[in-house]
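I have placed the structure first, in the form of structure tokens, so that the comments after it can refer back to it.
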Amino acid sequence: MNVIILFMAVLVAIVVWWILLQRLTVKPWLGAGATFDDQRPYSRDISAKLGLWVFLAVITSLFSLFATAYYMRMHVADWRPLPEPGILWTNTFLLLASGIALQISQMTLRRQKTALARYLSITAWCLAIAFLVGQWAAWQQLSAAGYLIWNNPANAFFFLLTGLHGIHIAGGIWVLSLALWRYQRRSDSENLLAIQLCSQYWHYLFALWILLFWLLSST
Amino acid sequence: MDHVAIADERGLELHEPASFITRYIWSQDHKVIAVQYGITAILVGLVALALSAMMRLQLAFPNSFSFIAPGDYYQFITMHGMIMIVYLLTALLLGGFGNYLIPLMIGARDMVFPYLNMLSYWVYLLSVIVLMASFFVSGGPTGAGWTLYPPQAISHGTPGADGGIILMLVSLAIFIVAFTMGGLNYVTTILQARTRGMTLMRLPLSVWGIFIATVLGLLAFPALFVSAVMMLLDHIAGTSFFMPALLSEGELTGHSGGSPILFQHLFWFFGHPEVYIVALPAFGIVSDLISTHARRNIFGYRMMVWAILAIGVLSFVVWAHHMYVSGMHPYFGFFFATTTLIIAVPTAIKVYNWVLTLWRGNIRLTVPMLFAIGFIFSFINGGLTGLYLGNVVVDLPLSDTYFVVGHFHMVMGVSPILVIFGAIYHWFPKITGRMLNDTLGKVHFWLTFLGTYAIYLPMHYLGFLGVPRRYYAMGDTEFIPESAQSLNVDITIAALVVAVVQLVFLVNLFWSLRYGKPAGGNPWDATTLEWQTPDTPPRHGNWGQELPTVYRWAYDYSVPGQEKDFIPQTVPPTEEESQEGTKP
């Protein structure tokens with residue numbers, strides 16, 4: 001319960017802060033006329049980034065609820081913690097490296113080194129695939145050791161949370177694939193936006209993975 | 001490229017989609033997507049309506065229909081509830097009206113992510129198809145009740161516990177994906193693509209309602225997703241998230257230790273905001289209908305906006321009032337009863353403001369206005385009974401009786417549906433260019449409005465008698481008097497009449513599409529942007545070559561000293577006004 005309440009509290013704080021910026025106390029019925037001096041023109045880049053951030057809020061809500069369920073279920077007597085396979089540390093490193101590669105790719109793209117940026121993004125793509133393969137290997141190790149999904153709720157949560165996180169990574173890989181596929185046909189600014197969005201998403205999923213990893217090993 | 005840029009580039013060519021398929025099927029135009037959403041939602045709603053008619057037949061004449069077995073009855077209840085709440089109301093208000101109204105009311109050419117928007121509709125359609133498929137699997141659809149509580153939802157013996165429940169959960173998960181795609185679009189579009197001069201406080205209340213409801217949906221639907229996924233795993237992978245150790249038909253099931261209460265928390269963490277996901281767009285739309293047809297500015301615009309925000313926040317801290325009978329710490333019950341009563345404050349502010357908008361207005365009793373006023377009545381009724389049920393001590397005896405059925409149908413069944421009807425009568429001229437027939441509309445309104453009262457008002461009385469809900473037949477029960485049974489017959493007759501009257505509405509839709517009176521651009525003399533489009537129905541890209549500029553708020557009706565009784569948002573200020581505008 002605490003996790004989702006904390007998340008909602010943070011969100012409410014953000015919303016209240018945003019509301020305070022919006023001058024919701026103006027009296028719109030007074031002062032007909034032009035009030036667009038401080039309005040900025042429509043920007044595709046800002047919209048795309050905002051869309052991504054809203055999406056990240058949705059994912060945060062999703063995983064907060066899972067974490068809440070995890071804590072509530074953990075206190076039942078039949079909970080048997082499972083050992084974390086060592087490969088998870090390797091995977092963590094792979095995901096971190098993937099995000100860093102995207103970040104550098106974005107920075108090189110800003111300096112118009114288009115080809116180098118492309119190679120860096122491809123590297124990031126490969127590392128992310130390696131992460132997924134590593135997660136799959138962790139699943140195999142656990143299953144082989146007899147930690148099956150239906151044996152214990154701790155196992156079930158492990159498979160469920162890593163699986164859902166993996167699906168989100170896979171979705172990111174799909175978007176990055178599209179961006180790379182169209183890379184040479186697109187202008188630098190379009191590529192920069194795509195890579196920027198991907199790298200923000202990657203960093204978010206890395207942070208989420210760290211939290212999940214901590215959550216899953218905190219038993 | 002068959003979609004248009006949103007930014008107002010001068011000399012921009014608006015690429016009209018060329019073929020039938022890109023225009024009407026794989027369309028990225030928000031207006032077409034809105035109509036697609038609307039038609040699908042209404043069709044699936046008709047299925048749910050038919051199911052409710054069957055339920056009423058069974059309740060009035062128990063043991064007379066061989067085709068309604070007890071199991072069927074539970075399946076009808078479940079599917080009726082789930083379809084009406086999620087696949088009709090949510091989809092129609094946000095997917096339908098949200099899609100149609102947001103870009104037109106804020107002065108944008110389209111949603112900011114048109115492709116994602118198109119995908120949202122098709123994924124929604126997929127979820128509907130998966131749901132409908134459950135009627136045709138062996139065992140039929142799930143009969144677990146729309147709340148899908150475990151353990152019975154996935155236990156052997158519940159109707160549809162094999163295939164039906166799986167399809168239901170999968171369909172819900174798909175729906176949530178579709179909603180998320182649409183919701184990202186609505187939020188981003190409202191925040192980013194408003195035209196010049198359209199400040200947040202100049203937005204029509206419809207947009208405010210849809211906006212906050214979308215935010216609620218984006219945060220609350222994940223809770224349903226989480227519970228659906230975990231229940232699915234309990235069912236097909238044998239996990240024990242929600243399933244405790246159980247004896248079923250003399251044998252232990254493989255589950256142990258799961259917590260059904262955990263499911264209830266997750267479900268209602270979604271379920272209560274869902275009430276406002278449906279109600280807030282209805283609140284917004286009805287504000288605009290009342291203001292337009294009463295020729296009067298909305299009373300307390302700022303209060304209306306703040307109330308929407310307050311309801312949005314509060315709706316996340318009341319969920320456990322659905323779980324009083326599940327048992328909880330008394331302090332929790334106290335907390336949730338208090339928050340529930342607090343949420344009545346902003347809601348009451350809205351009701352007062354609607355009534356005060358009507359006060360001394362130049363009321364035109366058009367069909368949309370009739371529906372809007374009908375909404376105020378049914379909403380006050382349903383809202384007040386909600387205050388009863390929000391208190392723990394009153395809720396305990398009334399829980400699971402017909403009082404609850406009467407309450408929630410009044411407040412989140414009839415009320416939003418009346419608004420939806422009003423909104424369809426109001427915006428049909430913009431969508432199609434033709435007016436709906438007035439006489440048929442009035443027949444439709446009066447029979448529907450009075451009919452729903454004939455259905456749901458007596459249910460409150462049944463509830464006081466203690467008649468339980470969800471029962472297939474009452475049998476010989478001592479505390480239920482004979483009169484309750486004859487009342488049930490009357491309710492059924494009213495329900496069947498109301499169901500048949502909806503045919504009048506459908507006939508009106510089809511007839512007016514062809515033979516309706518041509519509407520012109522602004523038949524209601526309204527101020528908001530969607531009535532100022534150069535073409536009716538608006539063409540692809542909505543605004544021709546240049547986006548409109550907004551100079552005033554959305555409610556300049558009957559401004560003293562003006563020639564006409566409305567000033568559209570696009571009209572620049574007069575000299576007097578600009579002098580006034582310099583004042584704070």
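By order in the structure tokens, chains are A, B, ...; within a chain, residues start at 1; ligands start at 1, following the order shown.
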
Which polymer residues have any atom within 9 Å of an atom of B:His426, counting only C-alpha atoms, with same-chain residues fewer than 5 positions away left out, as a ChimeraX atom specification?
/B:289,367-369,421,435-436,524

With only C-alpha atoms as the counted atoms, please give the residues lying no more than 8 Å from B:Pro573, apart from itself and same-chain residues fewer than 6 positions off, as a compact mmCIF listing (two decimals) with all heavy atoms, in the first residue's frame.
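The resulting file, selection_38.txt, is reproduced below:
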```txt
# COMPACT_ATOMS: atom_id res chain seq x y z
N ALA A 32 -11.34 40.06 -22.44
CA ALA A 32 -11.29 39.46 -23.76
C ALA A 32 -10.16 40.13 -24.50
O ALA A 32 -9.91 41.31 -24.33
CB ALA A 32 -12.61 39.69 -24.48
N GLY A 33 -9.50 39.37 -25.32
CA GLY A 33 -8.41 39.97 -26.09
C GLY A 33 -7.30 38.98 -26.27
O GLY A 33 -7.43 37.82 -25.92
N TYR B 551 -9.94 34.79 -28.75
CA TYR B 551 -9.84 36.07 -28.06
C TYR B 551 -10.59 36.13 -26.75
O TYR B 551 -10.50 37.10 -26.02
CB TYR B 551 -10.37 37.20 -28.96
CG TYR B 551 -9.54 37.43 -30.18
CD1 TYR B 551 -9.90 36.88 -31.40
CD2 TYR B 551 -8.37 38.18 -30.10
CE1 TYR B 551 -9.13 37.09 -32.53
CE2 TYR B 551 -7.59 38.38 -31.22
CZ TYR B 551 -7.98 37.84 -32.44
OH TYR B 551 -7.20 38.03 -33.54
N ARG B 552 -11.40 35.09 -26.47
CA ARG B 552 -12.25 35.22 -25.29
C ARG B 552 -12.56 33.82 -24.78
O ARG B 552 -12.27 32.83 -25.42
CB ARG B 552 -13.51 35.98 -25.63
CG ARG B 552 -14.26 35.38 -26.81
CD ARG B 552 -15.47 36.19 -27.20
NE ARG B 552 -15.12 37.44 -27.86
CZ ARG B 552 -15.45 38.63 -27.36
NH1 ARG B 552 -16.11 38.71 -26.22
NH2 ARG B 552 -15.12 39.73 -27.99
```

Distance limit 6 Å, atoms considered: only C-alpha atoms. Which chain B residues sit that close to chain A? Return them as a VMD selection string.
chain B and resid 7 184 188 197 218 to 219 222 238 to 239 551 to 553 573 581

Do a neighbour search on A:Leu192 at 10 Å with only C-alpha atoms, toss out local chain neighbours closer than 2 positions, and write the hits as a PyMOL selection string.
chain A and resi 45+105-110+112+114+117+179+183+186-190+194-198

Next, dump the selected residues to file, keeping only N, CA and C atoms, as a CSV table (one decimal), in the first residue's frame.
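And here is the file that came out, result16.csv:
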```
chain,number,residue,atom,x,y,z
A,45,ASP,N,8.8,18.2,-31.3
A,45,ASP,CA,9.8,17.6,-30.3
A,45,ASP,C,9.2,17.6,-28.9
A,105,SER,N,25.5,8.2,-28.2
A,105,SER,CA,25.0,8.3,-29.6
A,105,SER,C,24.3,9.6,-29.8
A,106,GLN,N,23.4,9.9,-28.8
A,106,GLN,CA,22.7,11.2,-28.9
A,106,GLN,C,23.6,12.4,-28.9
A,107,MET,N,24.7,12.3,-28.0
A,107,MET,CA,25.6,13.4,-28.0
A,107,MET,C,26.4,13.6,-29.2
A,108,THR,N,26.8,12.5,-29.8
A,108,THR,CA,27.6,12.6,-31.1
A,108,THR,C,26.7,13.1,-32.2
A,109,LEU,N,25.4,12.7,-32.2
A,109,LEU,CA,24.5,13.1,-33.2
A,109,LEU,C,24.3,14.7,-33.1
A,110,ARG,N,24.3,15.2,-31.9
A,110,ARG,CA,24.2,16.6,-31.8
A,110,ARG,C,25.4,17.3,-32.5
A,112,GLN,N,26.7,16.4,-35.1
A,112,GLN,CA,26.5,16.0,-36.6
A,112,GLN,C,27.4,14.8,-37.0
A,114,THR,N,27.0,11.8,-37.9
A,114,THR,CA,25.8,10.9,-38.1
A,114,THR,C,26.2,9.4,-38.1
A,117,ALA,N,27.2,8.0,-34.7
A,117,ALA,CA,26.0,7.9,-33.8
A,117,ALA,C,25.2,6.7,-34.2
A,179,ALA,N,13.6,3.2,-35.7
A,179,ALA,CA,14.4,4.4,-35.9
A,179,ALA,C,15.7,4.1,-36.7
A,183,TYR,N,16.9,5.3,-40.5
A,183,TYR,CA,17.9,6.3,-40.1
A,183,TYR,C,18.5,7.1,-41.3
A,186,ARG,N,16.3,9.8,-43.0
A,186,ARG,CA,15.8,10.9,-42.2
A,186,ARG,C,16.8,12.0,-42.0
A,187,SER,N,16.3,13.1,-41.7
A,187,SER,CA,17.2,14.3,-41.4
A,187,SER,C,17.8,14.1,-40.0
A,188,ASP,N,18.9,14.8,-39.8
A,188,ASP,CA,19.6,14.7,-38.5
A,188,ASP,C,18.6,15.1,-37.3
A,189,SER,N,17.8,16.1,-37.5
A,189,SER,CA,16.9,16.5,-36.4
A,189,SER,C,15.9,15.4,-36.1
A,190,GLU,N,15.4,14.7,-37.1
A,190,GLU,CA,14.4,13.7,-36.8
A,190,GLU,C,15.1,12.5,-36.1
A,194,ALA,N,14.4,10.9,-32.3
A,194,ALA,CA,14.2,9.4,-32.1
A,194,ALA,C,15.1,8.9,-31.1
A,195,ILE,N,16.4,9.2,-31.3
A,195,ILE,CA,17.5,8.6,-30.4
A,195,ILE,C,17.3,9.2,-29.0
A,196,GLN,N,17.0,10.5,-28.9
A,196,GLN,CA,16.7,11.1,-27.6
A,196,GLN,C,15.6,10.4,-26.8
A,197,LEU,N,14.5,10.2,-27.5
A,197,LEU,CA,13.4,9.5,-26.9
A,197,LEU,C,13.8,8.1,-26.4
A,198,CYS,N,14.5,7.4,-27.3
A,198,CYS,CA,14.9,6.1,-26.9
A,198,CYS,C,15.8,6.1,-25.7
```

Distance atom CA of B:Asn508-atom CA of B:Asp438, one decimal place?
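Between atom CA of B:Asn508 and atom CA of B:Asp438 the gap works out to 9.2 Å.
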
My list of candidates is B:Ser399, B:Ser558, B:Thr199, B:Ser27. Which is closest to B:Gly361 when distances are computed with only C-alpha atoms?
B:Ser558

For each of A:Val3, A:Ile14, A:Leu21, A:Ile129, take the minimum atom-to-atom distance to A:Asn91, counting only C-alpha atoms, then give the residue where this is smallest.
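Checking each candidate against A:Asn91, we get A:Ile129 as the closest.
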
Using DSSP on the backbone coordinates, identify the residues of stretch 26-184 of chain A assigned to helix (DSSP H, G or I); present them as a PyMOL selection string.
chain A and resi 44-74+87-110+114-144+153-181+183-184

Under the rule that only C-alpha atoms are counted, which of A:Gln140, A:His165, A:Asn191, A:Gly146 is the nearest residue to A:Ala115?
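The shortest atom-to-atom distance to A:Ala115 comes from A:Asn191.
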
Excluding A:Ala145 and residues on its chain fewer than 6 positions from it, collect all residues at most 12 Å away from it, counting only C-alpha atoms, and give them as a PDB file with N, CA and C atoms, in the first residue's frame.
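Listed below is the output, part-v9.pdb:
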```pdb
ATOM      1  N   LEU A  82      13.596 -16.622  -3.097  1.00  0.00           N
ATOM      2  CA  LEU A  82      14.398 -17.451  -3.991  1.00  0.00           C
ATOM      3  C   LEU A  82      15.764 -16.805  -4.163  1.00  0.00           C
ATOM      4  N   PRO A  83      16.801 -17.582  -4.448  1.00  0.00           N
ATOM      5  CA  PRO A  83      18.129 -16.999  -4.627  1.00  0.00           C
ATOM      6  C   PRO A  83      18.206 -16.283  -5.969  1.00  0.00           C
ATOM      7  N   GLU A  84      18.831 -15.101  -5.991  1.00  0.00           N
ATOM      8  CA  GLU A  84      18.946 -14.398  -7.275  1.00  0.00           C
ATOM      9  C   GLU A  84      20.104 -14.997  -8.062  1.00  0.00           C
ATOM     10  N   PRO A  85      19.867 -15.385  -9.284  1.00  0.00           N
ATOM     11  CA  PRO A  85      20.967 -15.902 -10.097  1.00  0.00           C
ATOM     12  C   PRO A  85      22.015 -14.806 -10.304  1.00  0.00           C
ATOM     13  N   ALA A 138      18.559 -16.315 -17.006  1.00  0.00           N
ATOM     14  CA  ALA A 138      18.260 -16.328 -15.565  1.00  0.00           C
ATOM     15  C   ALA A 138      17.003 -17.163 -15.300  1.00  0.00           C
ATOM     16  N   TRP A 139      16.013 -16.997 -16.165  1.00  0.00           N
ATOM     17  CA  TRP A 139      14.782 -17.792 -16.030  1.00  0.00           C
ATOM     18  C   TRP A 139      15.096 -19.276 -16.125  1.00  0.00           C
ATOM     19  N   ASN A 151       5.366 -22.740  -7.899  1.00  0.00           N
ATOM     20  CA  ASN A 151       5.771 -23.294  -6.615  1.00  0.00           C
ATOM     21  C   ASN A 151       5.534 -22.349  -5.454  1.00  0.00           C
ATOM     22  N   ASN A 155       8.481 -16.816  -6.362  1.00  0.00           N
ATOM     23  CA  ASN A 155       8.892 -17.171  -7.727  1.00  0.00           C
ATOM     24  C   ASN A 155       7.970 -16.505  -8.741  1.00  0.00           C
TER      25      ASN A 155
END
```

Based on DSSP run over this structure's backbone, return all residues of stretch 142-382 of chain B in strand (DSSP E or B), as an NGL selection string.
:B and (247-248 or 251-252)

Distance criterion (only C-alpha atoms): nearest to A:Ser217 out of A:Trp89, A:Leu94, A:His168, A:His75:
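Under the stated criterion, the closest residue is A:Trp89.
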
Between atom CA of B:Ala495 and atom CA of B:His444, measure the distance and give it in Å to one decimal.
14.0 Å

Two-atom distance - atom CA of B:Ile25, atom CA of B:Gly107 (Å):
24.5 Å

Please identify all polymer residues within 8 Å of B:Ile308, counting only C-alpha atoms, omitting same-chain residues fewer than 2 positions from it, and present them as number ranges by chain.
B: 208-209, 212, 280, 304-306, 310-312, 346

Measuring atom to atom with only C-alpha atoms, identify which of A:Tyr201, A:Tyr147, A:Phe93, A:Phe158 is nearest to A:Ala67.
A:Phe158

Residue nearest A:Phe7 among B:Leu370, B:Lys31, B:Gly327, B:Phe316 (counting only C-alpha atoms)
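The closest residue to A:Phe7 is B:Phe316.
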
Within 10 Å of B:Trp446, counting only C-alpha atoms, which residues qualify if same-chain residues fewer than 2 places away don't, as a ChimeraX atom specification?
/B:367,370-371,374,441-444,448-452,501

With C-alpha atoms retained, write the just-selected residues as a PDB file, in the first residue's frame.
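Wrote it out as again36.pdb, contents follow:
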```pdb
ATOM      1  CA  VAL B 367     -33.692  18.103 -27.111  1.00  0.00           C
ATOM      2  CA  LEU B 370     -33.998  18.310 -22.070  1.00  0.00           C
ATOM      3  CA  PHE B 371     -31.411  15.588 -21.684  1.00  0.00           C
ATOM      4  CA  GLY B 374     -32.820  15.262 -17.015  1.00  0.00           C
ATOM      5  CA  GLY B 441     -36.009  13.283 -30.039  1.00  0.00           C
ATOM      6  CA  LYS B 442     -38.611  14.535 -27.574  1.00  0.00           C
ATOM      7  CA  VAL B 443     -40.451  11.205 -27.610  1.00  0.00           C
ATOM      8  CA  HIS B 444     -37.125   9.511 -26.998  1.00  0.00           C
ATOM      9  CA  THR B 448     -36.352   7.297 -21.558  1.00  0.00           C
ATOM     10  CA  PHE B 449     -36.246   9.789 -18.692  1.00  0.00           C
ATOM     11  CA  LEU B 450     -39.545   8.827 -17.070  1.00  0.00           C
ATOM     12  CA  GLY B 451     -38.930   5.174 -17.878  1.00  0.00           C
ATOM     13  CA  THR B 452     -35.595   5.077 -16.086  1.00  0.00           C
ATOM     14  CA  VAL B 501     -37.730   3.292 -27.090  1.00  0.00           C
TER      15      VAL B 501
END
```
